[in-house]
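As structure tokens, the structure follows; a few thoughts come after it.
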Amino acid sequence: MTLETASQQSFGQKHVLDLDSFTSQDITHVLDNTLAMEQVLEREIRKVPALRGKTVVTLFYESSTRTRVSFEQAAKILSADVINVSSSGSSTKKGESLYNTALTIQAMQADIIVIRHPHSGAPHFLARQLRSKVINAGDGTHAHPTQSLLDLYTIRKNIGTIEGKKIVIIGDIMYSRVARSNLWGLTKMGARVVLCGPQTLIPNDFLNGHRTEEGHPFAAVEIQTDLDTALKDADVIMALRLQLERQKAGHLPSLREYSQTYGLNARRLAIAKDGALVMHPGPMNEGVEIETDIAHGAQSVIEEQVKSGVAVRMSLLYSMAAGQNLEI
Amino acid sequence: MPLIEKRIQNPVQIERALTRISHEILERNGGGDNVVLVGMHSRGVPLAQRISTAIERFEGIKVPVGKLDIGMYRDDISEKGSPLMKPTDIPSDINGKTVVIIDDVLYTGRSIRAAMDAISDFGRPSQMQLGVLVDRGHRELPIRADYVGKNVPTAKDEDVQVRLMEIDGADEIVITTNNNDMGDKT
Amino acid sequence: MLKSILIKSGRIIDPASDRDEVADLLIVDGKISEIGQINSKDQNVEVYDAKGFVVTPGFIDIHCHLREPGEEYKETIATGTKSAAAGGFTTVCAMPNTNPPMDTKSVVDFVKNKALTEGVIRVLPIGCVTKNSHGKELSEMSELADAGVIGFSDDGKPVSDANLMRQALTYSAGLGLPIINHCEVPELADGASMNEGWIATRLGLKGMPNSAEEVMAARDISLSELTGGKVHLAHISTAGTLDMVREAKRRGINVTCEVTPHHLTLTDEAVLSIGDESTSFDPLTPNAYDTTAKVNPPLRNISDMSIMANGINDNTIDFIATDHAPHSSVDKICTFQEAAFGISVLETALGSVLSLYHNKKVELGTLIKKLTSDPASFLGSNLGTLKIGRTADVTVFDLDETWRVNSSLFFSKGKNTPLDGTSLTGRVKATFYGGEYVYRND
């Protein structure tokens, strides 16, 4: 092995539980290799043998066809064997505990388990209990690291760099796992992050000076409740999905008022930098958090986000399978 | 651990070897019309470009040069860590063409096996050939080079390094040995 | 006739009689017989060498869950009382959230009989405030009082209906017994599994704000003032509650409160896992979401935790109670959200609490008072002291022995403690109940 390849081994994660454990080099490594994966997707024969003989299990306790299929496709293009377990198709509905299901999956000799679960920390639980490597594909209101990686990839691809850019995340910060992972990812890559939304949807510890509390990891993140002010000089605007339940739970008077105060429309988009990117993790409530013509407009990279999902996940699977300290 | 380094070829010798390989490729394939060169990252790429330039000088034709990263075709990825992949770029239709794979050092043959698999995914060449600047022996697969700059018999604990102007800032080939016997005993 | 026991050369601390001296203590016929320099050559006297150890009254726990009847897979009266004895306790009060709950005389009798036949120490039952603890109608409190309950509680759940709480306080005042309330406004705590704060935000877990406890504590204090009923606030956890209790006591309102060893010594960072010594910027390890640190009320932040020692020192907090809440592994080997609330505390209580002494936050005598004579006063009983002639409930412990918690060795069926694998300083060496060994660790 030459010295050069030694210095390139810059991916140091066993599990992908959230981006909090990633260094900026880890993130850059995944994003760089995503380019090579995109090339594979453009070929006539869309298959490489990198993960031949490896088994990837997707374990989905929430239905998310888009995320699951994206992982499945990524794993299959890399020649892994893929087993899909979903809560409707297995014994999970019969009340089998996550622990027992996980043991069964381990008995299948899964190398990598991709888990989506409605409870925060379910991937940590698997990582603690099992020998397999674990990828978090969305856990409760905690994290969604692969969505964040593809957001980072999309930003980098469109505006070259993330460092120093002003990113405005709008909406349901309180319950959004995408927002949480992006907070880690964006701040690690040196972005200036502004969170904007009604105060009822921003965690109390970000408000009222609570961030002076010892150990708060996001003391530098800006909070803004007025969207017009927040959007000034923005390079990237990320609108988050607003769940209808928030109105029922008393966080909001009405979707109408939310849309009027925090909906992204043409007038507001004009406040941001010329050509600012419009992003959304999907699925969108068009007309609520984002106007239809903006969602599908010239500045929108929302479709591109979806498209890069497969390549980003290929890159991540490849890096995890290739890592040295990862023998199971 | 001290490294002992022995220079075995200088820039002039490397240039001569590449000139000879260029001639041999033309001779063997009845000219360069049907030839595509594919350089393997990292140092195979500038070598393939130099050969292409040489052929253009002799014959006045431009032989296309592709770049190939074999990261996704290796059979040992769990052992080597996650490499940063470089762009793969196979420029033209390779169906029915003679693809000459170019690499700096031929050793176990495993990289070449991976390269042949990778190229097969881009099309069906009529032939694949292999050109290397150094063949250092110790093959683990039934693979041999069609064009060799220099055969360098080596021991397993030695390492052959090809350095090129485009990547390393100088042209030379050296053999390095970990010196366990003469090293500082402290 | 019981064998007499001579506990030699221990440092005897008995807050109720202002005693703190190195002396010998003689137990005859299950009673404290003599304290002083005692040399006995009597064959019938067994000598326990307590040199270098502290000798105190047996500890009294006003708040624990023994789970029997109904959840014997979590704990039984037999295992729970053995666990208590190993923790230095000789009297425990059992919360009524069993199945069936202790809302009738027959269930109370069952628990008392079990305790007599299978228990190794004294068990005093607590009755339900409301039938089935459903918070709708008062239980038959008078009959329960006759059956021997020491108070009423729907612990695990609050008495949510303010008018019902008013009636309960008024009714129980006539019986001379307290209402022990678990203060938690359900609407503010809905779906929450830990303390509200940046750690909960980071983990994506719904947090319980301090207000969930304080709003109801304020209500209960006001209702106590209105009715003259005796209200006891179980396991208080916030600085705000502490301030309200202090002010209420100053105004002469009939309110008392307790604190647990874990709310005195642990913070919500324990959910990140104690073993990892994580700091905020460190990545979460797979050990995060430590379900053994899931407890209700939740472990609070550092400022709430630290202030609790002040409450001990100025007597705002009446006593220390464990809220021992054993669970089986299936209740804890799951996601944090699914996990049951509660910590198995009895066997680590002393070691935890003594850290306040070792860290010079609270005097040793004060801590012992909060484990012995103060809970005894709450019960209105003559337990909790080493006065001559009293029942010989005695605990002997080594103040300075450092030991590693290994929950697999617990007598309790509940192995659920965030302290597993950590070190505590201060360890029970022997427990005597009515003059007999019920625990010994030589």
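Ordered as shown in the structure tokens, chains take letters A, B, and onward, while each chain numbers its residues from 1 and ligands are numbered from 1 in the order shown.
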Long-range neighbours of region 143-153 of chain B as a ChimeraX atom specification, 9 Å cut-off, only C-alpha atoms, 5 positions minimum in chain: /B:8,14,16-18,20-21,24-25,106,108-110,112-113,129-138,160
With N, CA and C atoms retained, could you export that selection as a compact mmCIF listing (two decimals), in the first residue's frame?
# COMPACT_ATOMS: atom_id res chain seq x y z
N ILE B 8 16.43 3.28 -9.26
CA ILE B 8 16.78 2.32 -10.31
C ILE B 8 16.54 2.87 -11.72
N ILE B 14 13.07 6.50 -18.02
CA ILE B 14 11.61 6.37 -18.03
C ILE B 14 11.07 6.80 -19.38
N ARG B 16 12.60 6.77 -22.25
CA ARG B 16 12.94 5.75 -23.25
C ARG B 16 11.96 4.59 -23.19
N ALA B 17 11.67 4.15 -21.96
CA ALA B 17 10.78 2.99 -21.78
C ALA B 17 9.40 3.31 -22.35
N LEU B 18 8.90 4.51 -22.08
CA LEU B 18 7.56 4.87 -22.56
C LEU B 18 7.54 4.99 -24.08
N ARG B 20 9.40 3.25 -26.09
CA ARG B 20 9.42 1.89 -26.61
C ARG B 20 8.02 1.26 -26.51
N ILE B 21 7.36 1.46 -25.34
CA ILE B 21 6.02 0.89 -25.16
C ILE B 21 5.08 1.46 -26.22
N GLU B 24 5.65 -0.27 -29.41
CA GLU B 24 5.19 -1.66 -29.36
C GLU B 24 3.67 -1.74 -29.51
N ILE B 25 2.96 -0.77 -28.87
CA ILE B 25 1.49 -0.77 -28.98
C ILE B 25 1.10 -0.59 -30.44
N LEU B 106 3.16 -3.47 -11.88
CA LEU B 106 2.40 -4.73 -11.85
C LEU B 106 2.98 -5.60 -10.73
N THR B 108 0.74 -8.07 -7.65
CA THR B 108 -0.04 -9.30 -7.46
C THR B 108 -0.98 -9.59 -8.63
N GLY B 109 -1.39 -8.54 -9.32
CA GLY B 109 -2.34 -8.71 -10.42
C GLY B 109 -3.78 -8.43 -10.02
N ARG B 110 -4.00 -8.23 -8.71
CA ARG B 110 -5.38 -8.05 -8.25
C ARG B 110 -5.99 -6.74 -8.75
N ILE B 112 -5.33 -5.32 -11.52
CA ILE B 112 -5.61 -5.48 -12.96
C ILE B 112 -6.89 -6.29 -13.14
N ARG B 113 -7.06 -7.30 -12.27
CA ARG B 113 -8.29 -8.09 -12.33
C ARG B 113 -9.50 -7.17 -12.11
N GLN B 129 -5.45 -5.31 -23.38
CA GLN B 129 -4.02 -5.52 -23.22
C GLN B 129 -3.57 -4.74 -21.99
N LEU B 130 -2.34 -5.03 -21.57
CA LEU B 130 -1.85 -4.38 -20.34
C LEU B 130 -0.44 -3.85 -20.55
N GLY B 131 -0.24 -2.59 -20.21
CA GLY B 131 1.09 -2.00 -20.24
C GLY B 131 1.46 -1.44 -18.89
N VAL B 132 2.68 -1.79 -18.43
CA VAL B 132 3.13 -1.27 -17.13
C VAL B 132 4.56 -0.76 -17.25
N LEU B 133 4.88 0.19 -16.37
CA LEU B 133 6.24 0.72 -16.39
C LEU B 133 7.19 -0.25 -15.69
N VAL B 134 6.70 -0.90 -14.63
CA VAL B 134 7.55 -1.84 -13.89
C VAL B 134 6.77 -3.13 -13.64
N ASP B 135 7.40 -4.26 -13.88
CA ASP B 135 6.85 -5.53 -13.44
C ASP B 135 7.75 -6.05 -12.33
N ARG B 136 7.24 -6.13 -11.12
CA ARG B 136 8.11 -6.54 -10.00
C ARG B 136 7.86 -7.98 -9.56
N GLY B 137 7.03 -8.72 -10.31
CA GLY B 137 6.84 -10.13 -9.98
C GLY B 137 5.86 -10.37 -8.85
N HIS B 138 5.86 -11.57 -8.29
CA HIS B 138 4.98 -11.97 -7.17
C HIS B 138 3.50 -11.99 -7.54
N VAL B 160 8.27 -0.94 -4.63
CA VAL B 160 8.71 -0.20 -5.81
C VAL B 160 7.84 1.04 -5.93
Which of chain B fall in strand (DSSP E), as a VMD selection string: chain B and resid 3 to 9 35 to 40 65 to 68 98 to 106 127 to 135 147 to 151 158 to 163 172 to 178
Distance query region 265-275 of chain A at most 12 Å, only C-alpha atoms, self and fewer than 6 positions along chain excluded, as a PyMOL selection string: chain A and resi 158-159+165-168+226-239+259+286-301
Residue set, region 143-305 of chain A restricted to helix (DSSP H, G or I), as an MDAnalysis selection string: chainID A and resid 145:159 177:188 199:201 204:206 210:212 227:231 245:248 255:262 266:269 292:295 302:305
Selection near Arg43 (chain B), 8 Å with only C-alpha atoms, sequence-local residues under 6 positions removed, as a list in words: Asp103, Asp104, Val162, Leu164 and Ile167 of chain B
Within 9 Å of chain A: residues of chain B, using only C-alpha atoms, as an MDAnalysis selection string: chainID B and resid 69 71:89 118 121:123 159 161
Convert the current residue selection to file output with N, CA and C atoms, as a PDB file, in the first residue's frame.
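Once everything was written out, this is selection_2.pdb:
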ATOM      1  N   ASP B  69     -10.927   4.460 -11.877  1.00  0.00           N
ATOM      2  CA  ASP B  69     -10.709   4.218 -10.445  1.00  0.00           C
ATOM      3  C   ASP B  69     -11.325   2.867 -10.131  1.00  0.00           C
ATOM      4  N   GLY B  71     -11.712   1.474  -7.158  1.00  0.00           N
ATOM      5  CA  GLY B  71     -12.104   1.359  -5.748  1.00  0.00           C
ATOM      6  C   GLY B  71     -13.301   0.451  -5.533  1.00  0.00           C
ATOM      7  N   MET B  72     -14.281   0.554  -6.425  1.00  0.00           N
ATOM      8  CA  MET B  72     -15.505  -0.226  -6.217  1.00  0.00           C
ATOM      9  C   MET B  72     -15.414  -1.652  -6.740  1.00  0.00           C
ATOM     10  N   TYR B  73     -14.232  -2.005  -7.276  1.00  0.00           N
ATOM     11  CA  TYR B  73     -14.079  -3.357  -7.831  1.00  0.00           C
ATOM     12  C   TYR B  73     -13.056  -4.184  -7.067  1.00  0.00           C
ATOM     13  N   ARG B  74     -12.467  -3.591  -6.048  1.00  0.00           N
ATOM     14  CA  ARG B  74     -11.452  -4.325  -5.294  1.00  0.00           C
ATOM     15  C   ARG B  74     -12.070  -5.475  -4.520  1.00  0.00           C
ATOM     16  N   ASP B  75     -11.271  -6.532  -4.303  1.00  0.00           N
ATOM     17  CA  ASP B  75     -11.793  -7.660  -3.534  1.00  0.00           C
ATOM     18  C   ASP B  75     -11.346  -7.605  -2.085  1.00  0.00           C
ATOM     19  N   ASP B  76     -10.772  -6.468  -1.690  1.00  0.00           N
ATOM     20  CA  ASP B  76     -10.207  -6.397  -0.334  1.00  0.00           C
ATOM     21  C   ASP B  76     -10.631  -5.122   0.367  1.00  0.00           C
ATOM     22  N   ILE B  77     -11.856  -4.639   0.080  1.00  0.00           N
ATOM     23  CA  ILE B  77     -12.175  -3.321   0.632  1.00  0.00           C
ATOM     24  C   ILE B  77     -12.263  -3.328   2.153  1.00  0.00           C
ATOM     25  N   SER B  78     -12.628  -4.453   2.721  1.00  0.00           N
ATOM     26  CA  SER B  78     -12.738  -4.456   4.190  1.00  0.00           C
ATOM     27  C   SER B  78     -11.377  -4.314   4.852  1.00  0.00           C
ATOM     28  N   GLU B  79     -10.315  -4.598   4.119  1.00  0.00           N
ATOM     29  CA  GLU B  79      -8.990  -4.566   4.734  1.00  0.00           C
ATOM     30  C   GLU B  79      -8.290  -3.239   4.561  1.00  0.00           C
ATOM     31  N   LYS B  80      -8.721  -2.473   3.591  1.00  0.00           N
ATOM     32  CA  LYS B  80      -7.904  -1.314   3.216  1.00  0.00           C
ATOM     33  C   LYS B  80      -8.468   0.022   3.660  1.00  0.00           C
ATOM     34  N   GLY B  81      -9.616   0.054   4.317  1.00  0.00           N
ATOM     35  CA  GLY B  81     -10.181   1.348   4.668  1.00  0.00           C
ATOM     36  C   GLY B  81     -10.891   1.952   3.479  1.00  0.00           C
ATOM     37  N   SER B  82     -11.533   3.068   3.726  1.00  0.00           N
ATOM     38  CA  SER B  82     -12.346   3.677   2.679  1.00  0.00           C
ATOM     39  C   SER B  82     -11.512   4.652   1.864  1.00  0.00           C
ATOM     40  N   PRO B  83     -11.191   4.301   0.616  1.00  0.00           N
ATOM     41  CA  PRO B  83     -10.375   5.218  -0.178  1.00  0.00           C
ATOM     42  C   PRO B  83     -11.227   6.343  -0.751  1.00  0.00           C
ATOM     43  N   LEU B  84     -10.578   7.453  -0.986  1.00  0.00           N
ATOM     44  CA  LEU B  84     -11.251   8.543  -1.679  1.00  0.00           C
ATOM     45  C   LEU B  84     -11.197   8.225  -3.170  1.00  0.00           C
ATOM     46  N   MET B  85     -12.341   8.174  -3.806  1.00  0.00           N
ATOM     47  CA  MET B  85     -12.354   7.761  -5.216  1.00  0.00           C
ATOM     48  C   MET B  85     -12.132   8.936  -6.143  1.00  0.00           C
ATOM     49  N   LYS B  86     -11.418   8.648  -7.239  1.00  0.00           N
ATOM     50  CA  LYS B  86     -11.167   9.686  -8.236  1.00  0.00           C
ATOM     51  C   LYS B  86     -12.100   9.433  -9.405  1.00  0.00           C
ATOM     52  N   PRO B  87     -12.359  10.469 -10.187  1.00  0.00           N
ATOM     53  CA  PRO B  87     -13.345  10.289 -11.261  1.00  0.00           C
ATOM     54  C   PRO B  87     -12.925   9.235 -12.286  1.00  0.00           C
ATOM     55  N   THR B  88     -13.875   8.406 -12.633  1.00  0.00           N
ATOM     56  CA  THR B  88     -13.661   7.456 -13.725  1.00  0.00           C
ATOM     57  C   THR B  88     -14.238   8.098 -14.982  1.00  0.00           C
ATOM     58  N   ASP B  89     -13.456   8.037 -16.050  1.00  0.00           N
ATOM     59  CA  ASP B  89     -13.887   8.721 -17.266  1.00  0.00           C
ATOM     60  C   ASP B  89     -13.444   7.880 -18.463  1.00  0.00           C
ATOM     61  N   ALA B 118     -14.041  -3.766 -14.193  1.00  0.00           N
ATOM     62  CA  ALA B 118     -14.621  -2.427 -14.314  1.00  0.00           C
ATOM     63  C   ALA B 118     -14.835  -2.081 -15.783  1.00  0.00           C
ATOM     64  N   ASP B 121     -17.772  -3.496 -17.507  1.00  0.00           N
ATOM     65  CA  ASP B 121     -19.055  -2.854 -17.220  1.00  0.00           C
ATOM     66  C   ASP B 121     -19.326  -1.669 -18.151  1.00  0.00           C
ATOM     67  N   PHE B 122     -18.297  -1.210 -18.859  1.00  0.00           N
ATOM     68  CA  PHE B 122     -18.514  -0.080 -19.773  1.00  0.00           C
ATOM     69  C   PHE B 122     -18.740  -0.546 -21.199  1.00  0.00           C
ATOM     70  N   GLY B 123     -18.494  -1.815 -21.502  1.00  0.00           N
ATOM     71  CA  GLY B 123     -18.680  -2.289 -22.870  1.00  0.00           C
ATOM     72  C   GLY B 123     -17.903  -3.563 -23.106  1.00  0.00           C
ATOM     73  N   ASP B 159       9.538  -2.331  -1.667  1.00  0.00           N
ATOM     74  CA  ASP B 159       8.432  -1.633  -2.307  1.00  0.00           C
ATOM     75  C   ASP B 159       8.999  -0.872  -3.500  1.00  0.00           C
ATOM     76  N   GLN B 161       8.473   2.175  -5.987  1.00  0.00           N
ATOM     77  CA  GLN B 161       7.697   3.410  -6.132  1.00  0.00           C
ATOM     78  C   GLN B 161       8.039   4.111  -7.432  1.00  0.00           C
TER      79      GLN B 161
END
Residues of chain C within 12 Å of chain A, only C-alpha atoms counted, as a VMD selection string: chain C and resid 187 to 188 190 to 191 193 195 to 209 269 271 to 273 278 to 291 301 to 303 329 to 339
Shell around Leu25 (chain C) at 9 Å using only C-alpha atoms, local window under 5 positions removed, as a ChimeraX atom specification: /C:5-10,12,32-38,55
Between CA of Ala168 (chain C) and CA of Lys230 (chain C) - distance in Å to one decimal: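 Atom-to-atom, CA of Lys230 (chain C) to CA of Ala168 (chain C), that is 10.0 Å.
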